Amino acid sequence: MLDIKFIKENKDLVKMAVEKKHLSFDVDLLIIADEKRIALLNIVESLRGEQNKMNNTISVEKDPATRMQMINEMRLVKEDLIKKEEDLKQVMIEWQGLMLQVPNIPDMSVPDGESDEDNQEIKAWGEKTSFSFPPKDHVELMLNLKMVDFERGVKVHGFRGYFLMGDGVRLSMAIWNYALDFFSNRGFTPFLPPVIVHREIFFGTGYLPQGEEDLYKTQDGDFLAGTAEVPLMGFHFDEILKQDELPKKYLGFSPCYRREAGSHSKDVKGLIRVQEFYKLEQVILCEASHSESVKFHEELHRNTEEFIESLGIPYHTVVNCGGDLGQGQVKKYDIELWVPKEEKYREIGSTSYFHDFQTRRSNIRYRDADGKARYAHSLNATAIPTPRILVSLVENFQQTDGSIKIPEVLQKYLGKSIISK
RNA sequence: GGAGGUGUCGCAUAGUUGGUCUAGUGCGCUCGUCUUGAAAACGAGUACGCCGCAAGGCGUCGUGAGUUCGAAUCCCACCACCUCCGCCA
């Protein structure tokens with residue numbers, strides 16, 4: 001959400017954002033609604049003021065007849081007030097609905113484009129893996145090593161179901177433990193957050209109202225989070241922090257639930273696109289300055305890159321184009337890992353910053369040096385998702401005999417250097 | 001799941017026969033006076049949001065919806081916490 005004053009003063013910027021993100025939203029409608037809102041607000045408030053003044057007089061009036069007369073006068077004011085309050089309520093509903101749709105302004109450096117196909121590579125790391133034998137895909141490799149079972153996964157869960165088992169489990173847990181150490185060493189406090197989360201928290205992060213069809217819902221009206229970003233942003237919901245506590249650097253580890261409602265025909269095979277998985281997620285709350293946001297955005301993304309580099313998997317980084325940005329995102333990088341069998345890079349994570357878009361919705365503020373409460377800035381980035389990371393890991397490190405060589409940094413966590421039959 | 005209790009502007013509290021509560025007080029905190037410095041004392045200030053150039057005004061007493069001319073106070077629902085009973089990894 002943006003500040004309505006900012007929107008009114010920067011109408012053209014918002015229009016540009018709508019265009020760049022390929023959204024449909026009419027800023028002028030919002031401005032008209034806001035003018036109605038202010039006008040009605042002023043009327044309602046002055047009627048309330050009148051009512052308060054009359055009430056004060058009644059309170060000290062002793063004579064019963066005069067009192068009665070005053071009460072009757074107040075009744076008239078009330079009748080008027082009720083009508084105007086109802087008008088205001090209707091306008092507020094319209095206004096709030098529009099406010100929730102206003103996109104955040106993308107950064108100047110964000111390239112134009114419609115979809116992920118227009119994202120621009122800004123960095124490539126590592127040599128694309130070459131083999132002296134025809135490489136297998138992760139499905140074949142992991143099935144052979146009994147690391148995963150898809151058929152029974154589908155029997156138990158349905159479409160996109162899977163069981164990780166044996167070394168598939170051990171390897172996942174080794175990655176989690178390694179990641180926990182890796183990110184802890186970079187100043188992140190680890191969290192195991194709740195994943196069943198109240199509706200309002202999803203509004204706070206911007207996953208609602210749009211995107212409800214992609215969320216699992218409970219019979220209590222809560223939703224299952226698709227990322228630890230949601231509960232971690234909820235952690236400080238409605239709070240005023242101290243400036244010297246910033247930046248907050250959190251590492252959330254959680255199961256993630258996504259219905260993948262709009263992508264039934266995409267990535268139907270294997271572990272690329274599943275409906276439940278695990279992810280370690282980096283979240284930062286920092287002071288409300290663009291340069292701080294940019295600094296931490298680079299830092300978060302670099303953390304993920306260095307994590308992948310330490311595993312030795314070839315990757316590239318793309319900067320997302322306007323059309324591939326979420327409503328609240330100012331700028332986003334995707335990190336994509338080389339998948340040898342497919343001969344292409346596949347996304348495993350992204351790093352975004354939001355300025356105060358999320359914190360304004362979540363009412364997360366801090367008191368600055370002048371004692372003024374300001375909305376913090378928020379950022380988040382994938383640390384590492386499992387089992388998706390296994391796809392490129394097993395494919396890049398497969399050996400002639402179908403065994404998997406384990407990256408050195410993971411060996412002490414896994415307790416062995418190779419996964420074989 | 002059952003029974004009862006509690007929820008007030010950092011913390012602790014006053015306020016529950018509805019009407020100067022436009023929310024008092026203590027502690028804490030900030031600034032000032034005094035002091036060589038500090039403490040103490042004294043004085044001032046000290047929740048958040050919104051409208052407004054300002055003066056000023058409006059709203060918020062866990063949340064929401066009601067009753068009333070008027071609600072911290074009354075009714076209803078919900079939420080959180082506490083005590084007891086039951087159940088349970």
# chains A, B, ... in the order shown; residues from 1 in each chain; ligands from 1
>>> interface_residues(of="chain B", to="chain A", cutoff="12 Å", atoms="only C-alpha atoms (C1' of nucleotides)", output="list in words")
G10, G18, G19, U20, C21, U22, U30, U46, A47, C48, G49, C50, C51, G52, G56, G57, C58, G59, U68, C69 and G70 of chain B
>>> write_last_selection(atoms="N, CA and C atoms (P, O5', C5', C4', C3', O3' and C1' of nucleotides)", output="tab-separated table (two decimals), in the first residue's frame")
chain	number	residue	atom	x	y	z
B	10	G	P	1.01	2.78	27.21
B	10	G	O5'	2.44	2.82	26.49
B	10	G	C5'	2.96	1.67	25.79
B	10	G	C4'	4.18	1.12	26.49
B	10	G	C3'	3.88	0.50	27.86
B	10	G	O3'	3.64	-0.88	27.71
B	10	G	C1'	5.59	2.12	28.08
B	18	G	P	-26.37	3.99	35.03
B	18	G	O5'	-24.85	3.67	34.77
B	18	G	C5'	-23.71	4.47	34.81
B	18	G	C4'	-23.42	5.26	33.56
B	18	G	C3'	-23.93	6.68	33.61
B	18	G	O3'	-22.96	7.58	34.20
B	18	G	C1'	-24.36	5.61	31.47
B	19	G	P	-21.72	8.30	33.80
B	19	G	O5'	-22.22	9.47	32.85
B	19	G	C5'	-21.41	9.84	31.72
B	19	G	C4'	-21.79	11.22	31.24
B	19	G	C3'	-21.74	12.26	32.33
B	19	G	O3'	-20.74	13.22	32.02
B	19	G	C1'	-23.78	12.40	31.07
B	20	U	P	-19.26	13.07	31.67
B	20	U	O5'	-18.81	13.66	33.10
B	20	U	C5'	-19.20	14.93	33.42
B	20	U	C4'	-18.24	15.94	32.80
B	20	U	C3'	-16.93	16.14	33.55
B	20	U	O3'	-16.01	15.11	33.16
B	20	U	C1'	-17.79	18.20	32.66
B	21	C	P	-14.72	14.78	34.00
B	21	C	O5'	-13.87	13.93	32.98
B	21	C	C5'	-13.91	14.15	31.58
B	21	C	C4'	-13.77	12.83	30.84
B	21	C	C3'	-15.11	12.21	30.44
B	21	C	O3'	-14.99	11.72	29.11
B	21	C	C1'	-13.82	10.65	31.63
B	22	U	P	-15.55	12.51	27.98
B	22	U	O5'	-14.31	13.36	27.44
B	22	U	C5'	-13.43	12.80	26.51
B	22	U	C4'	-12.32	13.79	26.25
B	22	U	C3'	-11.52	14.12	27.51
B	22	U	O3'	-10.13	14.17	27.22
B	22	U	C1'	-12.46	16.10	26.59
B	30	U	P	15.82	9.71	30.26
B	30	U	O5'	15.13	10.90	29.45
B	30	U	C5'	15.02	10.84	28.04
B	30	U	C4'	14.33	12.09	27.54
B	30	U	C3'	14.88	13.40	28.08
B	30	U	O3'	16.03	13.82	27.36
B	30	U	C1'	12.52	13.42	28.22
B	46	U	P	2.16	16.34	26.74
B	46	U	O5'	2.91	14.94	26.71
B	46	U	C5'	3.80	14.60	25.64
B	46	U	C4'	4.51	13.31	25.96
B	46	U	C3'	3.60	12.14	26.27
B	46	U	O3'	3.13	11.54	25.07
B	46	U	C1'	5.37	12.20	27.83
B	47	A	P	1.58	11.24	25.00
B	47	A	O5'	1.62	9.99	24.02
B	47	A	C5'	2.53	8.94	24.25
B	47	A	C4'	1.99	7.68	23.64
B	47	A	C3'	1.60	7.81	22.18
B	47	A	O3'	2.73	7.56	21.37
B	47	A	C1'	-0.20	6.85	23.37
B	48	C	P	3.00	8.46	20.10
B	48	C	O5'	1.95	7.87	19.05
B	48	C	C5'	2.04	6.52	18.65
B	48	C	C4'	0.76	6.08	18.01
B	48	C	C3'	0.25	6.95	16.87
B	48	C	O3'	0.99	6.77	15.68
B	48	C	C1'	-1.56	6.35	18.25
B	49	G	P	1.11	7.96	14.66
B	49	G	O5'	-0.30	7.91	13.91
B	49	G	C5'	-0.69	6.73	13.22
B	49	G	C4'	-2.14	6.80	12.88
B	49	G	C3'	-2.59	8.01	12.10
B	49	G	O3'	-2.26	7.91	10.73
B	49	G	C1'	-4.12	7.59	13.83
B	50	C	P	-1.98	9.22	9.90
B	50	C	O5'	-3.44	9.82	9.69
B	50	C	C5'	-4.41	9.07	8.98
B	50	C	C4'	-5.76	9.72	9.12
B	50	C	C3'	-5.84	11.17	8.67
B	50	C	O3'	-5.98	11.27	7.27
B	50	C	C1'	-6.90	10.96	10.76
B	51	C	P	-5.37	12.55	6.54
B	51	C	O5'	-6.44	13.68	6.90
B	51	C	C5'	-7.74	13.62	6.35
B	51	C	C4'	-8.53	14.82	6.79
B	51	C	C3'	-7.85	16.17	6.60
B	51	C	O3'	-7.97	16.63	5.26
B	51	C	C1'	-8.80	16.08	8.76
B	52	G	P	-6.77	17.45	4.64
B	52	G	O5'	-6.71	18.76	5.53
B	52	G	C5'	-7.72	19.76	5.41
B	52	G	C4'	-7.48	20.87	6.40
B	52	G	C3'	-6.10	21.50	6.35
B	52	G	O3'	-5.98	22.44	5.31
B	52	G	C1'	-6.70	21.08	8.60
B	56	G	P	-5.28	25.73	19.59
B	56	G	O5'	-6.50	24.83	19.11
B	56	G	C5'	-7.84	25.21	19.40
B	56	G	C4'	-8.75	24.75	18.29
B	56	G	C3'	-9.29	23.33	18.41
B	56	G	O3'	-10.38	23.24	19.32
B	56	G	C1'	-8.55	23.68	16.20
B	57	G	P	-10.65	21.89	20.11
B	57	G	O5'	-11.22	20.96	18.96
B	57	G	C5'	-12.45	21.29	18.33
B	57	G	C4'	-12.65	20.43	17.11
B	57	G	C3'	-12.77	18.93	17.37
B	57	G	O3'	-14.06	18.59	17.83
B	57	G	C1'	-11.35	19.29	15.53
B	58	C	P	-14.25	17.31	18.77
B	58	C	O5'	-14.05	16.13	17.72
B	58	C	C5'	-14.98	15.96	16.66
B	58	C	C4'	-14.56	14.77	15.82
B	58	C	C3'	-14.29	13.49	16.59
B	58	C	O3'	-15.48	12.81	16.94
B	58	C	C1'	-12.56	13.85	15.04
B	59	G	P	-15.50	11.96	18.31
B	59	G	O5'	-14.61	10.71	17.91
B	59	G	C5'	-15.05	9.83	16.88
B	59	G	C4'	-13.95	8.87	16.51
B	59	G	C3'	-13.45	7.99	17.64
B	59	G	O3'	-14.33	6.91	17.88
B	59	G	C1'	-11.62	8.81	16.40
B	68	U	P	-32.27	2.53	20.48
B	68	U	O5'	-31.67	3.61	21.46
B	68	U	C5'	-32.18	3.75	22.78
B	68	U	C4'	-31.36	4.73	23.55
B	68	U	C3'	-31.11	6.06	22.84
B	68	U	O3'	-32.22	6.93	22.94
B	68	U	C1'	-29.10	5.29	23.81
B	69	C	P	-32.62	7.78	21.67
B	69	C	O5'	-31.45	8.85	21.56
B	69	C	C5'	-31.34	9.69	20.41
B	69	C	C4'	-30.35	10.79	20.71
B	69	C	C3'	-29.04	10.33	21.32
B	69	C	O3'	-28.13	9.93	20.32
B	69	C	C1'	-29.90	12.11	22.60
B	70	G	P	-27.26	8.63	20.59
B	70	G	O5'	-26.35	9.07	21.81
B	70	G	C5'	-25.30	10.04	21.59
B	70	G	C4'	-24.61	10.34	22.88
B	70	G	C3'	-24.02	9.14	23.60
B	70	G	O3'	-22.76	8.81	23.06
B	70	G	C1'	-25.21	10.47	25.14
>>> residues_around(residues="His301 of chain A", least_positions_apart="2", cutoff="10 Å", atoms="only C-alpha atoms (C1' of nucleotides)", output="JSON, numbers by chain")
{"A": [282, 296, 297, 298, 299, 303, 304, 305, 306, 307, 317, 332, 333, 334, 335, 349, 350, 351, 352, 380, 381, 382, 383]}
>>> closest_residue(among="B:A41, B:U67, B:U8, B:A77", to="G24 of chain B", atoms="only C-alpha atoms (C1' of nucleotides)")
B:U8
>>> residues_around(residues="Val195 of chain A", least_positions_apart="6", cutoff="12 Å", atoms="only C-alpha atoms (C1' of nucleotides)", output="JSON, numbers by chain")
{"A": [201, 202, 215, 216, 217, 218, 222, 223, 224, 225, 226, 227, 228, 229, 230, 231, 232, 234, 252, 253, 254, 255, 256, 257, 258, 276, 278, 279]}
>>> atom_distance(atom1="atom CA of Pro194 of chain A", atom2="atom CA of Ser172 of chain A")
20.8 Å
>>> closest_residue(among="B:G15, B:U6, B:G43, B:C53", to="A80 of chain B", atoms="only C-alpha atoms (C1' of nucleotides)")
B:U6
>>> atom_distance(atom1="atom CA of Met16 of chain A", atom2="atom CA of Val102 of chain A")
11.6 Å
>>> closest_residue(among="A:Leu271, A:Val91, A:Leu251, A:Leu141", to="Asp401 of chain A", atoms="only C-alpha atoms")
A:Leu141
>>> select_by_dssp(residues="segment 211-421 of chain A", states="strand (DSSP E)", output="PyMOL selection string")
chain A and resi 223-224+239-242+248-257+276-286+315-319+331-339+344-353+364-367+373-375+377-386+404-405+418-419
>>> select_by_dssp(residues="segment 158-400 of chain A", states="helix (DSSP H, G or I)", output="MDAnalysis selection string")
chainID A and resid 167:184 199:205 212:214 229:235 243:245 290:311 322:324 357:362 388:396
>>> write_last_selection(atoms="C-alpha atoms", output="mmCIF file, in the first residue's frame")
data_model
loop_
_atom_site.group_PDB
_atom_site.id
_atom_site.type_symbol
_atom_site.label_atom_id
_atom_site.label_comp_id
_atom_site.auth_asym_id
_atom_site.auth_seq_id
_atom_site.Cartn_x
_atom_site.Cartn_y
_atom_site.Cartn_z
ATOM 1 C CA ASP A 167 19.178 -40.376 1.247
ATOM 2 C CA GLY A 168 16.674 -37.907 -0.206
ATOM 3 C CA VAL A 169 15.739 -37.100 3.382
ATOM 4 C CA ARG A 170 19.292 -37.169 4.679
ATOM 5 C CA LEU A 171 20.473 -34.876 1.896
ATOM 6 C CA SER A 172 17.603 -32.444 2.540
ATOM 7 C CA MET A 173 18.365 -32.295 6.228
ATOM 8 C CA ALA A 174 22.078 -31.854 5.523
ATOM 9 C CA ILE A 175 21.216 -28.849 3.355
ATOM 10 C CA TRP A 176 18.972 -27.387 6.082
ATOM 11 C CA ASN A 177 21.647 -27.752 8.725
ATOM 12 C CA TYR A 178 24.324 -26.320 6.481
ATOM 13 C CA ALA A 179 22.063 -23.396 5.569
ATOM 14 C CA LEU A 180 21.251 -22.768 9.218
ATOM 15 C CA ASP A 181 24.965 -22.406 9.994
ATOM 16 C CA PHE A 182 25.719 -20.456 6.830
ATOM 17 C CA PHE A 183 23.052 -17.792 7.400
ATOM 18 C CA SER A 184 23.480 -17.674 11.169
ATOM 19 C CA ARG A 199 -5.937 -13.528 7.036
ATOM 20 C CA GLU A 200 -4.819 -10.009 7.976
ATOM 21 C CA ILE A 201 -1.162 -11.047 7.920
ATOM 22 C CA PHE A 202 -1.553 -12.094 4.272
ATOM 23 C CA PHE A 203 -3.014 -8.684 3.516
ATOM 24 C CA GLY A 204 0.019 -7.225 5.251
ATOM 25 C CA THR A 205 2.490 -8.937 2.946
ATOM 26 C CA GLU A 212 -6.431 -16.149 -2.661
ATOM 27 C CA GLU A 213 -6.948 -19.042 -5.091
ATOM 28 C CA ASP A 214 -3.318 -20.033 -4.674
ATOM 29 C CA GLU A 229 8.031 -14.435 4.725
ATOM 30 C CA VAL A 230 4.371 -14.233 5.711
ATOM 31 C CA PRO A 231 4.598 -15.211 9.404
ATOM 32 C CA LEU A 232 7.948 -13.424 9.775
ATOM 33 C CA MET A 233 6.464 -10.168 8.495
ATOM 34 C CA GLY A 234 3.585 -10.844 10.864
ATOM 35 C CA PHE A 235 6.021 -11.142 13.761
ATOM 36 C CA GLN A 243 15.682 2.452 15.597
ATOM 37 C CA ASP A 244 18.760 0.873 17.145
ATOM 38 C CA GLU A 245 17.200 -2.594 16.796
ATOM 39 C CA HIS A 290 16.040 3.927 -0.336
ATOM 40 C CA SER A 291 19.804 3.493 -0.055
ATOM 41 C CA GLU A 292 19.411 1.124 2.912
ATOM 42 C CA SER A 293 16.897 -0.910 0.937
ATOM 43 C CA VAL A 294 19.210 -1.105 -2.060
ATOM 44 C CA LYS A 295 22.174 -2.016 0.120
ATOM 45 C CA PHE A 296 20.330 -4.867 1.835
ATOM 46 C CA HIS A 297 18.790 -6.012 -1.427
ATOM 47 C CA GLU A 298 22.251 -6.542 -2.860
ATOM 48 C CA GLU A 299 23.423 -8.147 0.372
ATOM 49 C CA LEU A 300 20.516 -10.604 0.551
ATOM 50 C CA HIS A 301 20.969 -11.642 -3.025
ATOM 51 C CA ARG A 302 24.692 -11.998 -2.597
ATOM 52 C CA ASN A 303 24.075 -14.281 0.416
ATOM 53 C CA THR A 304 22.056 -16.634 -1.731
ATOM 54 C CA GLU A 305 24.580 -16.491 -4.557
ATOM 55 C CA GLU A 306 27.428 -17.289 -2.201
ATOM 56 C CA PHE A 307 25.475 -20.165 -0.721
ATOM 57 C CA ILE A 308 25.008 -21.649 -4.191
ATOM 58 C CA GLU A 309 28.646 -20.946 -5.061
ATOM 59 C CA SER A 310 29.718 -22.846 -1.972
ATOM 60 C CA LEU A 311 27.792 -25.839 -3.305
ATOM 61 C CA GLY A 322 8.339 -4.797 -14.866
ATOM 62 C CA GLY A 323 5.719 -7.305 -15.952
ATOM 63 C CA ASP A 324 7.269 -10.033 -13.803
ATOM 64 C CA PHE A 357 4.650 -1.172 0.866
ATOM 65 C CA GLN A 358 4.388 -4.178 3.166
ATOM 66 C CA THR A 359 5.149 -2.396 6.423
ATOM 67 C CA ARG A 360 2.426 0.163 5.762
ATOM 68 C CA ARG A 361 -0.086 -2.651 5.281
ATOM 69 C CA SER A 362 1.330 -4.476 8.295
ATOM 70 C CA ARG A 388 13.764 -27.945 -5.515
ATOM 71 C CA ILE A 389 17.478 -27.463 -4.907
ATOM 72 C CA LEU A 390 17.907 -31.254 -5.190
ATOM 73 C CA VAL A 391 17.002 -31.097 -8.882
ATOM 74 C CA SER A 392 20.107 -29.223 -9.953
ATOM 75 C CA LEU A 393 22.232 -30.682 -7.187
ATOM 76 C CA VAL A 394 21.786 -34.318 -8.202
ATOM 77 C CA GLU A 395 21.849 -33.577 -11.927
ATOM 78 C CA ASN A 396 25.040 -31.509 -11.813
#
>>> closest_residue(among="A:Asp87, A:Glu239, A:Asp267, A:Glu281", to="Thr189 of chain A", atoms="only C-alpha atoms")
A:Glu281
>>> atom_distance(atom1="atom CA of Ser420 of chain A", atom2="atom CA of Gly402 of chain A")
7.4 Å
>>> decode(residues="segment 23-45 of chain B", atoms="N, CA and C atoms (P, O5', C5', C4', C3', O3' and C1' of nucleotides)", output="tab-separated table (two decimals), in the first residue's frame")
chain	number	residue	atom	x	y	z
B	23	A	P	-9.19	12.96	27.66
B	23	A	O5'	-9.98	12.14	28.79
B	23	A	C5'	-10.00	12.58	30.15
B	23	A	C4'	-9.83	11.41	31.05
B	23	A	C3'	-8.39	10.97	31.30
B	23	A	O3'	-7.82	11.72	32.35
B	23	A	C1'	-9.71	9.09	30.76
B	24	G	P	-6.34	12.34	32.26
B	24	G	O5'	-6.01	12.62	33.78
B	24	G	C5'	-6.92	13.40	34.56
B	24	G	C4'	-7.02	12.82	35.95
B	24	G	C3'	-5.70	12.40	36.57
B	24	G	O3'	-4.97	13.49	37.10
B	24	G	C1'	-7.27	10.68	36.87
B	25	U	P	-3.36	13.51	37.01
B	25	U	O5'	-2.94	12.38	38.06
B	25	U	C5'	-3.30	12.51	39.42
B	25	U	C4'	-2.94	11.25	40.17
B	25	U	C3'	-1.50	10.80	40.03
B	25	U	O3'	-0.62	11.52	40.88
B	25	U	C1'	-2.92	8.94	39.74
B	26	G	P	0.92	11.70	40.48
B	26	G	O5'	1.53	10.26	40.77
B	26	G	C5'	1.62	9.78	42.11
B	26	G	C4'	2.14	8.36	42.11
B	26	G	C3'	3.45	8.17	41.36
B	26	G	O3'	4.58	8.52	42.15
B	26	G	C1'	1.92	6.50	40.71
B	27	C	P	5.93	9.01	41.45
B	27	C	O5'	6.41	7.70	40.68
B	27	C	C5'	6.89	6.56	41.40
B	27	C	C4'	7.19	5.43	40.45
B	27	C	C3'	8.19	5.74	39.35
B	27	C	O3'	9.53	5.68	39.81
B	27	C	C1'	6.34	4.61	38.41
B	28	G	P	10.65	6.64	39.17
B	28	G	O5'	10.71	6.11	37.67
B	28	G	C5'	11.22	4.81	37.39
B	28	G	C4'	11.03	4.51	35.93
B	28	G	C3'	11.64	5.52	34.97
B	28	G	O3'	13.02	5.28	34.77
B	28	G	C1'	9.43	5.04	34.29
B	29	C	P	14.04	6.52	34.65
B	29	C	O5'	13.65	7.10	33.22
B	29	C	C5'	13.81	6.30	32.05
B	29	C	C4'	13.16	6.97	30.87
B	29	C	C3'	13.58	8.42	30.63
B	29	C	O3'	14.82	8.49	29.95
B	29	C	C1'	11.23	8.26	30.49
B	30	U	P	15.82	9.71	30.26
B	30	U	O5'	15.13	10.90	29.45
B	30	U	C5'	15.02	10.84	28.04
B	30	U	C4'	14.33	12.09	27.54
B	30	U	C3'	14.88	13.40	28.08
B	30	U	O3'	16.03	13.82	27.36
B	30	U	C1'	12.52	13.42	28.22
B	31	C	P	17.17	14.64	28.14
B	31	C	O5'	16.51	16.09	28.28
B	31	C	C5'	16.25	16.86	27.12
B	31	C	C4'	15.40	18.05	27.47
B	31	C	C3'	15.93	18.94	28.58
B	31	C	O3'	16.96	19.82	28.15
B	31	C	C1'	13.64	18.56	28.95
B	32	G	P	18.08	20.30	29.21
B	32	G	O5'	17.27	21.31	30.15
B	32	G	C5'	16.76	22.52	29.62
B	32	G	C4'	15.87	23.19	30.63
B	32	G	C3'	16.51	23.57	31.95
B	32	G	O3'	17.24	24.78	31.84
B	32	G	C1'	14.41	22.57	32.36
B	33	U	P	18.47	25.02	32.84
B	33	U	O5'	17.74	25.31	34.21
B	33	U	C5'	16.98	26.51	34.40
B	33	U	C4'	16.43	26.56	35.80
B	33	U	C3'	17.46	26.41	36.90
B	33	U	O3'	18.09	27.65	37.19
B	33	U	C1'	15.60	25.00	37.36
B	34	C	P	19.69	27.66	37.51
B	34	C	O5'	19.79	26.93	38.91
B	34	C	C5'	19.19	27.50	40.08
B	34	C	C4'	19.21	26.50	41.21
B	34	C	C3'	20.57	25.88	41.49
B	34	C	O3'	21.37	26.72	42.32
B	34	C	C1'	18.93	24.16	41.39
B	35	U	P	22.91	26.96	41.98
B	35	U	O5'	23.52	25.51	42.17
B	35	U	C5'	23.60	24.92	43.45
B	35	U	C4'	24.25	23.56	43.37
B	35	U	C3'	25.57	23.51	42.63
B	35	U	O3'	26.65	23.90	43.44
B	35	U	C1'	24.18	21.73	41.88
B	36	U	P	27.78	24.85	42.92
B	36	U	O5'	28.55	23.95	41.87
B	36	U	C5'	29.41	24.57	40.89
B	36	U	C4'	30.27	23.52	40.25
B	36	U	C3'	29.53	22.29	39.75
B	36	U	O3'	29.01	22.49	38.45
B	36	U	C1'	31.42	21.62	41.02
B	37	G	P	27.57	21.91	38.14
B	37	G	O5'	27.78	20.34	38.11
B	37	G	C5'	28.48	19.71	37.02
B	37	G	C4'	28.64	18.24	37.29
B	37	G	C3'	27.34	17.49	37.60
B	37	G	O3'	26.67	17.10	36.42
B	37	G	C1'	28.98	16.91	39.20
B	38	A	P	25.09	16.98	36.45
B	38	A	O5'	24.79	15.83	37.51
B	38	A	C5'	24.85	14.46	37.10
B	38	A	C4'	24.81	13.56	38.30
B	38	A	C3'	23.47	13.43	39.01
B	38	A	O3'	22.58	12.56	38.32
B	38	A	C1'	25.20	13.62	40.60
B	39	A	P	21.02	12.80	38.47
B	39	A	O5'	20.71	12.40	39.97
B	39	A	C5'	20.77	11.03	40.39
B	39	A	C4'	20.59	10.96	41.89
B	39	A	C3'	19.27	11.51	42.40
B	39	A	O3'	18.24	10.55	42.33
B	39	A	C1'	21.05	12.41	43.67
B	40	A	P	16.77	11.03	42.03
B	40	A	O5'	16.40	11.94	43.28
B	40	A	C5'	16.22	11.37	44.57
B	40	A	C4'	16.07	12.47	45.59
B	40	A	C3'	14.94	13.45	45.32
B	40	A	O3'	13.70	12.96	45.79
B	40	A	C1'	16.91	14.65	45.81
B	41	A	P	12.37	13.29	45.02
B	41	A	O5'	12.25	14.87	45.21
B	41	A	C5'	12.05	15.41	46.51
B	41	A	C4'	12.13	16.91	46.45
B	41	A	C3'	11.22	17.57	45.41
B	41	A	O3'	9.90	17.72	45.89
B	41	A	C1'	13.40	18.45	45.20
B	42	C	P	8.69	17.48	44.90
B	42	C	O5'	8.73	18.81	44.02
B	42	C	C5'	8.56	20.08	44.65
B	42	C	C4'	8.97	21.17	43.70
B	42	C	C3'	8.29	21.15	42.34
B	42	C	O3'	6.97	21.66	42.39
B	42	C	C1'	10.59	21.53	42.05
B	43	G	P	5.89	21.03	41.42
B	43	G	O5'	6.28	21.67	40.02
B	43	G	C5'	6.20	23.08	39.84
B	43	G	C4'	6.74	23.47	38.49
B	43	G	C3'	6.15	22.71	37.31
B	43	G	O3'	4.87	23.20	36.93
B	43	G	C1'	8.49	22.82	37.07
B	44	A	P	3.84	22.21	36.27
B	44	A	O5'	4.45	22.01	34.82
B	44	A	C5'	4.51	23.10	33.90
B	44	A	C4'	5.26	22.71	32.66
B	44	A	C3'	4.72	21.49	31.93
B	44	A	O3'	3.60	21.77	31.13
B	44	A	C1'	7.06	21.31	32.13
B	45	G	P	2.53	20.60	30.94
B	45	G	O5'	3.31	19.55	30.01
B	45	G	C5'	3.70	19.92	28.69
B	45	G	C4'	4.67	18.91	28.13
B	45	G	C3'	4.13	17.51	27.91
B	45	G	O3'	3.33	17.41	26.75
B	45	G	C1'	6.28	17.38	28.86
